[in-house]
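J.: One structure coming up, written as C-alpha cells, with questions to follow.
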Amino acid sequence: MRTEQVDVAVVGGGPAGLAAALSAKESGAEHVLLIERGERMGGILNQCIHDGFGTKLMGEAFTGPEYAQIFINRLTNTGVNVKLDTMVMDISSDRELVICSSDGLIRVKAGAIVLCTGCRERTRGAIRIPGTRPAGVFTAGVVQEYMNIRNLSVGRKVVILGSGDIGLIMARRLTLEGVEVECVAEILPYPSGLARNIVQCLEDFEIPLYLSTTVVDIHGIDRVEGITLAKIGPRGGIVRGTKRFVKCDTLLLSVGLIPENELAKKAGIKLSPVTAGPIVDDHFQTSIPGIFCGGNALQVHDLVDYASMESEKAGRSAAFFAGAGKLPSPSIKVLPGQGIRYVIPHEVSGNEPVDFSMRVKSPEADRYIVFKQGEKVIRRMRQIELAPAAMIRMRVRSDRFQRSLDSLTVEVAD
Amino acid sequence: MNEGNIVCTVCPTSCLIDAKWDEKELISIDRAQCKLAWGYISDEIFDPKRVVTTTVPTETGKNPLVSVKTAEPVPKHLVLDIMDTLAVVQAKGPVNAGDVIVADVLGTGVNIIATSNSD
C-alpha cells in the first residue's frame, strides 16, 4: 500500500470539513488533505436549497448551495489537496488512516486529524413505529435529496412525523411542488424546530401542527394507504379515544439526527452518551491527542454558521498540534447543571476565551444562563426565550476562569 | 389600534415580537433583540414578502436540476404564482450560480437566479 504523509487530514467535505481544512491551511499547516466520500464538496448543503444560511457568520441569508460555494471558492488555490469519491476505511489512534478510491488503497499518516463526518437521520426502526412495511416511508433528508437533486417525486399526499427543521422545510417544499401535506405531528408538547421555520413553512401554508401527537400505526401492503395518529399523554402513553386514521400515500420522518461517529469509535475516541459525539476540550480535541472533531459529528447544530465557526477552531487547533505536537491540557471540567442537557466543550484549559454551546432540557422564558465555579458566578446572561430546539452560544473571556478550580457548572437560573 | 405577537424571521433567533399598529403604520414593537425587526414586522403587517427557492430542470449538465431563488423577497401572495411560472421553465445551456434564469418574474422587478452550477 502506498503511504502519504500529511500535516492535517480532514474527514468529510461538508460545511464543517471545508471550514476545518481552510483554517488548518490558513493557520500554517502545509499539507492539508480533505477527504470526501461523495462526488462533490458541500455535503448536505447541496440539497438544502432554501435560504437562511449565513445570517450569523456573514450577516446575509444564502441558500445552502451558495453558502457551500463561498467556502469552496475560498478553498480553491489554497493548495489544500481535495480527494473526492474517497472513503476512509480505517483509522487508528496514532493518526493513521486507510483511504479508498479509484486510485486504490492509500495509507495516510497525519500530524493531526479532524473528523467532520456529520450526522445521520433517525429512521422508522430507531423509533419503532408499529404497522405494516409498505413503500412510501421516508426520512425527510432522503426526500430532500430526491426532490432537490435527483428530480424525483415521492408521493401525492403526505403526513410528516416530527417537527424538526428538515421536516418543516420539507413541508413547505412539498407544498410548493403541489404535494398535499396533510399535517405535521410532533410527539413532544412543543415544536422541535426553530420558530422561524414554524412560521415560514407551516403557518404560511396553513399546514396544521399537532403537538403531543404521534403515528401509532402504518397501513398498506405495497404502498402506504394511511396512518393512525393518536394523542400522547404526559407519561408517554396513548390517550384513550384519540386514535384517528389519516389517509395518505407517504409518511415523512423528521425524528432527529444522530452524530456519525463510526470512525471515532474505531479510533477509540470517548463519546458522550448525551450528544453521541466525542468528548472534546476547548480546542475541539477528542480524548485521543491529535484527533479533533467539529460540526454535526460533534453535536447536531440548528445553524450551519456555528458548525463552520466550531470547525474553523478545530482546524486551527489541528494545524497547531501538527506543528507543536501538543496543546495546553484542559484542567477545568464543564458540567451541565439545572435545566441544561449538555454543554460543549466538556473541558477547558481556561487560558483562552471559550465559545460554549449548549441546549436546555425544556422550554423556558425569561431566565438566566449562569456559569459558576464553586459559588462564584463567572458569567451570566439573560435569555428571553429558551427552547431545546435553539442552541445557545455564550463566550467566556479567559480572565473569568478560576484556574485553581477543577470544575465549572452551567445552569438555568433566575 | 391592533396588537399581536409576530415571530421575526430575519434571523434564526426568531424573536417573538409584541407589535402595535394602526391602519397605516407600525406604532411600536417590544422584545426585539436587534433593530432589523422593525422593518420586517412592518412589512409582515402591511406587505409580507418571502424569498422563493426551488429548482428548475437543466437542458445539459451532469445534474438534472439547478437550484434557483428570487434574488429579492417577493410579495407573499405571489409565491404560488411564481411556482406555477417556474413549473414550465427549463434552464438553457450550462448554468452558473448567479445566472438569471427568468428576468422580472411576474412583473415584480425581481429576477429568478440560479443558486448552484449545472455541473
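For the C-alpha cells, the naming scheme is as follows: chains receive sequential letters (A, B, ...) according to their order of presentation, residues are indexed from 1 within each chain, and ligands are indexed from 1 in presentation order.
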Near A:Ala324, counting only C-alpha atoms, which residues have an atom at most 12 Å away, once you skip same-chain residues fewer than 4 positions from it, shown as a PyMOL selection string?
T.: chain A and resi 7+28-29+111-112+290+317-320+328
J.: Suppose we keep C-alpha atoms; can you now write the selection as an mmCIF file, in the first residue's frame?
T.:
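What follows is the written file part.cif:
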```cif
data_model
loop_
_atom_site.group_PDB
_atom_site.id
_atom_site.type_symbol
_atom_site.label_atom_id
_atom_site.label_comp_id
_atom_site.auth_asym_id
_atom_site.auth_seq_id
_atom_site.Cartn_x
_atom_site.Cartn_y
_atom_site.Cartn_z
ATOM 1 C CA ASP A 7 0.096 17.576 8.310
ATOM 2 C CA GLY A 28 0.156 27.289 8.605
ATOM 3 C CA ALA A 29 -0.324 23.550 8.038
ATOM 4 C CA GLY A 111 0.117 15.006 12.039
ATOM 5 C CA ALA A 112 -3.459 15.686 13.115
ATOM 6 C CA GLY A 290 -4.215 14.960 17.748
ATOM 7 C CA SER A 317 -6.049 23.611 16.654
ATOM 8 C CA ALA A 318 -5.185 20.665 14.383
ATOM 9 C CA ALA A 319 -2.650 22.787 12.477
ATOM 10 C CA PHE A 320 -1.116 23.859 15.773
ATOM 11 C CA PRO A 328 -2.384 23.044 26.526
#
```
J.: Please produce, as CSV, a per-residue contact table for chain B versus chain A (criterion: any atom at most 6 Å away, only C-alpha atoms considered), showing the nearest atom pair and its distance in Å to one decimal, sorted by chain then residue number.
T.:
```
residue,atom,partner,partner_atom,distance
B:Thr9,CA,A:Arg196,CA,5.1
B:Ser14,CA,A:Arg196,CA,5.4
B:Thr53,CA,A:His50,CA,5.5
B:Thr115,CA,A:Glu66,CA,5.8
B:Ser116,CA,A:Pro65,CA,5.7
```
J.: Residues near B:Glu59, anyone? I mean within 10 Å using only C-alpha atoms, not counting same-chain ones fewer than 2 positions away, as a ChimeraX atom specification.
T.: /B:56-57,61-65,90-95,118
J.: Need to verify the contact set: B:Leu106, 12 Å, only C-alpha atoms, exclusion of same-chain residues closer than 5 positions in sequence. Can you return it as a list in words?
T.: Thr70, Val74, Pro75, His77, Leu78, Val79, Leu80, Asp81, Ile82, Met83, Asp84, Thr85, Leu86, Asn111 and Ile112 of chain B
J.: Go ahead and write the selection's residues with all heavy atoms as an mmCIF file, in the first residue's frame.
T.:
```cif
data_model
loop_
_atom_site.group_PDB
_atom_site.id
_atom_site.type_symbol
_atom_site.label_atom_id
_atom_site.label_comp_id
_atom_site.auth_asym_id
_atom_site.auth_seq_id
_atom_site.Cartn_x
_atom_site.Cartn_y
_atom_site.Cartn_z
ATOM 1 N N THR B 70 -35.614 33.672 -5.882
ATOM 2 C CA THR B 70 -35.872 35.064 -6.233
ATOM 3 C C THR B 70 -34.725 35.866 -5.644
ATOM 4 O O THR B 70 -34.357 35.666 -4.478
ATOM 5 C CB THR B 70 -37.216 35.557 -5.650
ATOM 6 O OG1 THR B 70 -37.228 35.330 -4.238
ATOM 7 C CG2 THR B 70 -38.395 34.813 -6.271
ATOM 8 N N VAL B 74 -40.145 38.544 -2.485
ATOM 9 C CA VAL B 74 -41.270 38.958 -3.340
ATOM 10 C C VAL B 74 -42.548 38.936 -2.498
ATOM 11 O O VAL B 74 -42.594 38.275 -1.461
ATOM 12 C CB VAL B 74 -41.428 38.012 -4.557
ATOM 13 C CG1 VAL B 74 -40.249 38.149 -5.505
ATOM 14 C CG2 VAL B 74 -41.585 36.566 -4.102
ATOM 15 N N PRO B 75 -43.602 39.644 -2.945
ATOM 16 C CA PRO B 75 -44.855 39.623 -2.179
ATOM 17 C C PRO B 75 -45.318 38.191 -1.929
ATOM 18 O O PRO B 75 -45.324 37.361 -2.848
ATOM 19 C CB PRO B 75 -45.831 40.371 -3.087
ATOM 20 C CG PRO B 75 -44.962 41.296 -3.874
ATOM 21 C CD PRO B 75 -43.672 40.543 -4.102
ATOM 22 N N HIS B 77 -48.153 36.845 -1.500
ATOM 23 C CA HIS B 77 -49.313 36.319 -2.240
ATOM 24 C C HIS B 77 -48.939 35.843 -3.644
ATOM 25 O O HIS B 77 -49.730 35.202 -4.311
ATOM 26 C CB HIS B 77 -50.447 37.366 -2.280
ATOM 27 C CG HIS B 77 -50.114 38.590 -3.080
ATOM 28 N ND1 HIS B 77 -50.380 38.699 -4.414
ATOM 29 C CD2 HIS B 77 -49.500 39.743 -2.724
ATOM 30 C CE1 HIS B 77 -49.957 39.880 -4.851
ATOM 31 N NE2 HIS B 77 -49.420 40.522 -3.836
ATOM 32 N N LEU B 78 -47.706 36.152 -4.084
ATOM 33 C CA LEU B 78 -47.283 35.718 -5.420
ATOM 34 C C LEU B 78 -46.473 34.425 -5.399
ATOM 35 O O LEU B 78 -46.098 33.913 -6.459
ATOM 36 C CB LEU B 78 -46.443 36.825 -6.086
ATOM 37 C CG LEU B 78 -47.200 38.088 -6.489
ATOM 38 C CD1 LEU B 78 -46.238 39.105 -7.086
ATOM 39 C CD2 LEU B 78 -48.319 37.758 -7.487
ATOM 40 N N VAL B 79 -46.208 33.888 -4.197
ATOM 41 C CA VAL B 79 -45.309 32.733 -4.089
ATOM 42 C C VAL B 79 -45.794 31.561 -4.967
ATOM 43 O O VAL B 79 -45.029 31.006 -5.756
ATOM 44 C CB VAL B 79 -45.164 32.282 -2.610
ATOM 45 C CG1 VAL B 79 -44.475 30.930 -2.523
ATOM 46 C CG2 VAL B 79 -44.378 33.320 -1.817
ATOM 47 N N LEU B 80 -47.066 31.224 -4.855
ATOM 48 C CA LEU B 80 -47.557 30.064 -5.619
ATOM 49 C C LEU B 80 -47.635 30.368 -7.117
ATOM 50 O O LEU B 80 -47.394 29.490 -7.951
ATOM 51 C CB LEU B 80 -48.908 29.587 -5.073
ATOM 52 C CG LEU B 80 -48.831 28.990 -3.659
ATOM 53 C CD1 LEU B 80 -50.217 28.631 -3.134
ATOM 54 C CD2 LEU B 80 -47.918 27.763 -3.597
ATOM 55 N N ASP B 81 -47.922 31.625 -7.468
ATOM 56 C CA ASP B 81 -47.929 32.008 -8.886
ATOM 57 C C ASP B 81 -46.532 31.887 -9.480
ATOM 58 O O ASP B 81 -46.357 31.479 -10.631
ATOM 59 C CB ASP B 81 -48.432 33.453 -9.047
ATOM 60 C CG ASP B 81 -49.891 33.586 -8.620
ATOM 61 O OD1 ASP B 81 -50.590 32.550 -8.618
ATOM 62 O OD2 ASP B 81 -50.314 34.704 -8.271
ATOM 63 N N ILE B 82 -45.529 32.259 -8.691
ATOM 64 C CA ILE B 82 -44.143 32.144 -9.171
ATOM 65 C C ILE B 82 -43.788 30.672 -9.371
ATOM 66 O O ILE B 82 -43.156 30.306 -10.363
ATOM 67 C CB ILE B 82 -43.168 32.852 -8.199
ATOM 68 C CG1 ILE B 82 -43.375 34.365 -8.307
ATOM 69 C CG2 ILE B 82 -41.716 32.466 -8.483
ATOM 70 C CD1 ILE B 82 -42.590 35.196 -7.321
ATOM 71 N N MET B 83 -44.246 29.821 -8.462
ATOM 72 C CA MET B 83 -44.013 28.376 -8.630
ATOM 73 C C MET B 83 -44.649 27.893 -9.943
ATOM 74 O O MET B 83 -44.055 27.106 -10.670
ATOM 75 C CB MET B 83 -44.582 27.591 -7.445
ATOM 76 C CG MET B 83 -43.774 27.698 -6.160
ATOM 77 S SD MET B 83 -42.054 27.156 -6.305
ATOM 78 C CE MET B 83 -42.255 25.416 -6.679
ATOM 79 N N ASP B 84 -45.871 28.360 -10.233
ATOM 80 C CA ASP B 84 -46.544 27.968 -11.486
ATOM 81 C C ASP B 84 -45.744 28.430 -12.702
ATOM 82 O O ASP B 84 -45.575 27.693 -13.674
ATOM 83 C CB ASP B 84 -47.958 28.579 -11.550
ATOM 84 C CG ASP B 84 -48.909 27.850 -10.605
ATOM 85 O OD1 ASP B 84 -48.567 26.723 -10.177
ATOM 86 O OD2 ASP B 84 -49.976 28.413 -10.281
ATOM 87 N N THR B 85 -45.237 29.659 -12.628
ATOM 88 C CA THR B 85 -44.437 30.190 -13.736
ATOM 89 C C THR B 85 -43.197 29.327 -13.962
ATOM 90 O O THR B 85 -42.838 29.008 -15.094
ATOM 91 C CB THR B 85 -43.988 31.640 -13.413
ATOM 92 O OG1 THR B 85 -45.142 32.399 -13.107
ATOM 93 C CG2 THR B 85 -43.228 32.263 -14.566
ATOM 94 N N LEU B 86 -42.556 28.938 -12.856
ATOM 95 C CA LEU B 86 -41.295 28.195 -12.966
ATOM 96 C C LEU B 86 -41.510 26.732 -13.342
ATOM 97 O O LEU B 86 -40.583 26.049 -13.769
ATOM 98 C CB LEU B 86 -40.505 28.293 -11.649
ATOM 99 C CG LEU B 86 -39.974 29.687 -11.340
ATOM 100 C CD1 LEU B 86 -39.279 29.702 -9.984
ATOM 101 C CD2 LEU B 86 -39.006 30.155 -12.423
ATOM 102 N N ASN B 111 -35.554 39.237 -10.338
ATOM 103 C CA ASN B 111 -35.104 38.137 -11.197
ATOM 104 C C ASN B 111 -35.081 36.817 -10.440
ATOM 105 O O ASN B 111 -34.837 36.789 -9.237
ATOM 106 C CB ASN B 111 -33.688 38.408 -11.714
ATOM 107 C CG ASN B 111 -33.637 39.604 -12.636
ATOM 108 O OD1 ASN B 111 -34.648 39.961 -13.247
ATOM 109 N ND2 ASN B 111 -32.478 40.223 -12.738
ATOM 110 N N ILE B 112 -35.297 35.731 -11.191
ATOM 111 C CA ILE B 112 -35.038 34.399 -10.657
ATOM 112 C C ILE B 112 -33.600 34.055 -11.041
ATOM 113 O O ILE B 112 -33.251 34.082 -12.232
ATOM 114 C CB ILE B 112 -35.983 33.344 -11.280
ATOM 115 C CG1 ILE B 112 -37.456 33.712 -11.072
ATOM 116 C CG2 ILE B 112 -35.651 31.950 -10.759
ATOM 117 C CD1 ILE B 112 -37.962 33.571 -9.660
#
```
J.: Based on the backbone DSSP call, show me all residues of stretch 253-338 of chain A assigned strand (DSSP E), as a list in words.
T.: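 Checking each residue of stretch 253-338 of chain A, the strand (DSSP E) ones are Leu253, Leu257, Ile258, Pro259, Ile291, Phe292, Cys293, Ile332, Lys333, Val334, Leu335 and Pro336 of chain A.
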J.: Report the distance between atom CA of A:His301 and atom CA of A:Ala389 in Å, rounded to one decimal place.
T.: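 Calculated distance between atom CA of A:His301 and atom CA of A:Ala389 is 9.3 Å.
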J.: Which distance in Å separates atom CA of A:Met58 and atom CA of A:Arg400, to one decimal?
T.: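 Going from atom CA of A:Met58 over to atom CA of A:Arg400, I get 28.3 Å.
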J.: I need the alpha helix (DSSP H) residues of stretch 133-332 of chain A per DSSP on the backbone, written as a PyMOL selection string.
T.: chain A and resi 140-148+165-176+195-197+262-266+304-324
J.: Could the residues in this selection be written to a file with N, CA and C atoms, as a compact mmCIF listing (two decimals), in the first residue's frame?
T.:
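part.txt, written as the output of this step:
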```
# COMPACT_ATOMS: atom_id res chain seq x y z
N ALA A 140 -36.86 12.55 6.09
CA ALA A 140 -37.04 13.85 5.43
C ALA A 140 -35.85 14.22 4.55
N GLY A 141 -34.65 13.91 5.01
CA GLY A 141 -33.45 14.26 4.25
C GLY A 141 -33.34 13.50 2.95
N VAL A 142 -33.83 12.27 2.95
CA VAL A 142 -33.82 11.46 1.72
C VAL A 142 -34.77 12.09 0.70
N VAL A 143 -35.94 12.51 1.18
CA VAL A 143 -36.90 13.15 0.28
C VAL A 143 -36.32 14.46 -0.26
N GLN A 144 -35.61 15.17 0.61
CA GLN A 144 -34.97 16.41 0.18
C GLN A 144 -33.99 16.13 -0.96
N GLU A 145 -33.22 15.07 -0.84
CA GLU A 145 -32.29 14.73 -1.91
C GLU A 145 -33.03 14.32 -3.19
N TYR A 146 -34.05 13.47 -3.02
CA TYR A 146 -34.83 13.02 -4.18
C TYR A 146 -35.39 14.22 -4.95
N MET A 147 -36.02 15.16 -4.21
CA MET A 147 -36.69 16.27 -4.88
C MET A 147 -35.72 17.31 -5.42
N ASN A 148 -34.72 17.67 -4.61
CA ASN A 148 -33.90 18.84 -4.94
C ASN A 148 -32.68 18.51 -5.80
N ASP A 165 -36.35 20.71 12.05
CA ASP A 165 -36.25 21.71 10.98
C ASP A 165 -36.36 21.11 9.57
N ILE A 166 -35.74 19.95 9.35
CA ILE A 166 -35.79 19.40 7.98
C ILE A 166 -37.22 19.02 7.62
N GLY A 167 -37.96 18.50 8.58
CA GLY A 167 -39.36 18.13 8.34
C GLY A 167 -40.18 19.36 7.97
N LEU A 168 -39.94 20.46 8.69
CA LEU A 168 -40.68 21.69 8.41
C LEU A 168 -40.32 22.24 7.03
N ILE A 169 -39.02 22.26 6.75
CA ILE A 169 -38.55 22.74 5.44
C ILE A 169 -39.18 21.90 4.32
N MET A 170 -39.27 20.59 4.55
CA MET A 170 -39.84 19.71 3.51
C MET A 170 -41.35 19.88 3.40
N ALA A 171 -42.02 20.27 4.49
CA ALA A 171 -43.46 20.54 4.41
C ALA A 171 -43.70 21.66 3.40
N ARG A 172 -42.89 22.69 3.49
CA ARG A 172 -43.02 23.82 2.53
C ARG A 172 -42.62 23.39 1.12
N ARG A 173 -41.53 22.68 1.03
CA ARG A 173 -41.01 22.28 -0.28
C ARG A 173 -42.03 21.41 -1.02
N LEU A 174 -42.61 20.44 -0.31
CA LEU A 174 -43.61 19.55 -0.92
C LEU A 174 -44.83 20.36 -1.34
N THR A 175 -45.28 21.28 -0.48
CA THR A 175 -46.44 22.11 -0.81
C THR A 175 -46.19 22.93 -2.07
N LEU A 176 -45.01 23.53 -2.15
CA LEU A 176 -44.68 24.34 -3.33
C LEU A 176 -44.69 23.49 -4.60
N ALA A 195 -38.57 28.51 15.57
CA ALA A 195 -39.83 29.26 15.41
C ALA A 195 -39.93 29.84 14.00
N ARG A 196 -38.81 30.27 13.47
CA ARG A 196 -38.78 30.82 12.12
C ARG A 196 -39.35 29.85 11.09
N ASN A 197 -38.99 28.58 11.24
CA ASN A 197 -39.46 27.58 10.29
C ASN A 197 -40.93 27.23 10.50
N GLU A 262 -18.76 6.39 13.61
CA GLU A 262 -18.19 5.04 13.47
C GLU A 262 -16.66 5.10 13.44
N LEU A 263 -16.13 6.10 12.74
CA LEU A 263 -14.67 6.22 12.67
C LEU A 263 -14.09 6.57 14.04
N ALA A 264 -14.76 7.52 14.71
CA ALA A 264 -14.29 7.93 16.04
C ALA A 264 -14.23 6.72 16.98
N LYS A 265 -15.27 5.88 16.89
CA LYS A 265 -15.30 4.68 17.75
C LYS A 265 -14.14 3.76 17.43
N LYS A 266 -13.88 3.61 16.13
CA LYS A 266 -12.79 2.75 15.68
C LYS A 266 -11.45 3.21 16.24
N VAL A 304 -25.87 26.20 10.38
CA VAL A 304 -24.59 25.81 9.79
C VAL A 304 -23.50 26.79 10.20
N ASP A 305 -23.89 28.06 10.41
CA ASP A 305 -22.91 29.08 10.78
C ASP A 305 -22.05 28.63 11.96
N TYR A 306 -22.71 28.06 12.96
CA TYR A 306 -21.97 27.65 14.15
C TYR A 306 -21.14 26.38 13.90
N ALA A 307 -21.63 25.52 13.01
CA ALA A 307 -20.84 24.34 12.63
C ALA A 307 -19.55 24.81 11.96
N SER A 308 -19.65 25.84 11.13
CA SER A 308 -18.46 26.39 10.46
C SER A 308 -17.50 27.00 11.48
N MET A 309 -18.03 27.82 12.37
CA MET A 309 -17.17 28.51 13.34
C MET A 309 -16.43 27.53 14.22
N GLU A 310 -17.17 26.51 14.69
CA GLU A 310 -16.60 25.49 15.56
C GLU A 310 -15.48 24.74 14.84
N SER A 311 -15.72 24.38 13.59
CA SER A 311 -14.75 23.58 12.85
C SER A 311 -13.55 24.41 12.44
N GLU A 312 -13.76 25.71 12.27
CA GLU A 312 -12.65 26.60 11.99
C GLU A 312 -11.65 26.51 13.13
N LYS A 313 -12.18 26.53 14.34
CA LYS A 313 -11.32 26.42 15.53
C LYS A 313 -10.68 25.03 15.59
N ALA A 314 -11.44 24.00 15.26
CA ALA A 314 -10.89 22.64 15.26
C ALA A 314 -9.74 22.53 14.26
N GLY A 315 -9.92 23.15 13.08
CA GLY A 315 -8.88 23.11 12.05
C GLY A 315 -7.63 23.85 12.49
N ARG A 316 -7.84 25.00 13.13
CA ARG A 316 -6.72 25.81 13.63
C ARG A 316 -5.95 25.03 14.69
N SER A 317 -6.68 24.39 15.59
CA SER A 317 -6.05 23.61 16.65
C SER A 317 -5.27 22.44 16.06
N ALA A 318 -5.85 21.81 15.02
CA ALA A 318 -5.18 20.66 14.38
C ALA A 318 -3.87 21.10 13.75
N ALA A 319 -3.88 22.27 13.09
CA ALA A 319 -2.65 22.79 12.48
C ALA A 319 -1.59 23.03 13.55
N PHE A 320 -2.04 23.58 14.67
CA PHE A 320 -1.12 23.86 15.77
C PHE A 320 -0.54 22.56 16.33
N PHE A 321 -1.41 21.56 16.51
CA PHE A 321 -0.96 20.26 17.03
C PHE A 321 0.04 19.61 16.07
N ALA A 322 -0.27 19.69 14.78
CA ALA A 322 0.62 19.07 13.78
C ALA A 322 2.01 19.69 13.84
N GLY A 323 2.07 20.98 14.17
CA GLY A 323 3.36 21.65 14.27
C GLY A 323 4.05 21.40 15.60
N ALA A 324 3.33 21.57 16.69
CA ALA A 324 3.94 21.57 18.02
C ALA A 324 3.89 20.21 18.71
```
J.: Which residues are close to A:Val114, i.e. within 6 Å by only C-alpha atoms, leaving aside same-chain residues fewer than 2 positions away? Reply as JSON, numbers by chain.
T.: {"A": [10, 291, 292, 293]}
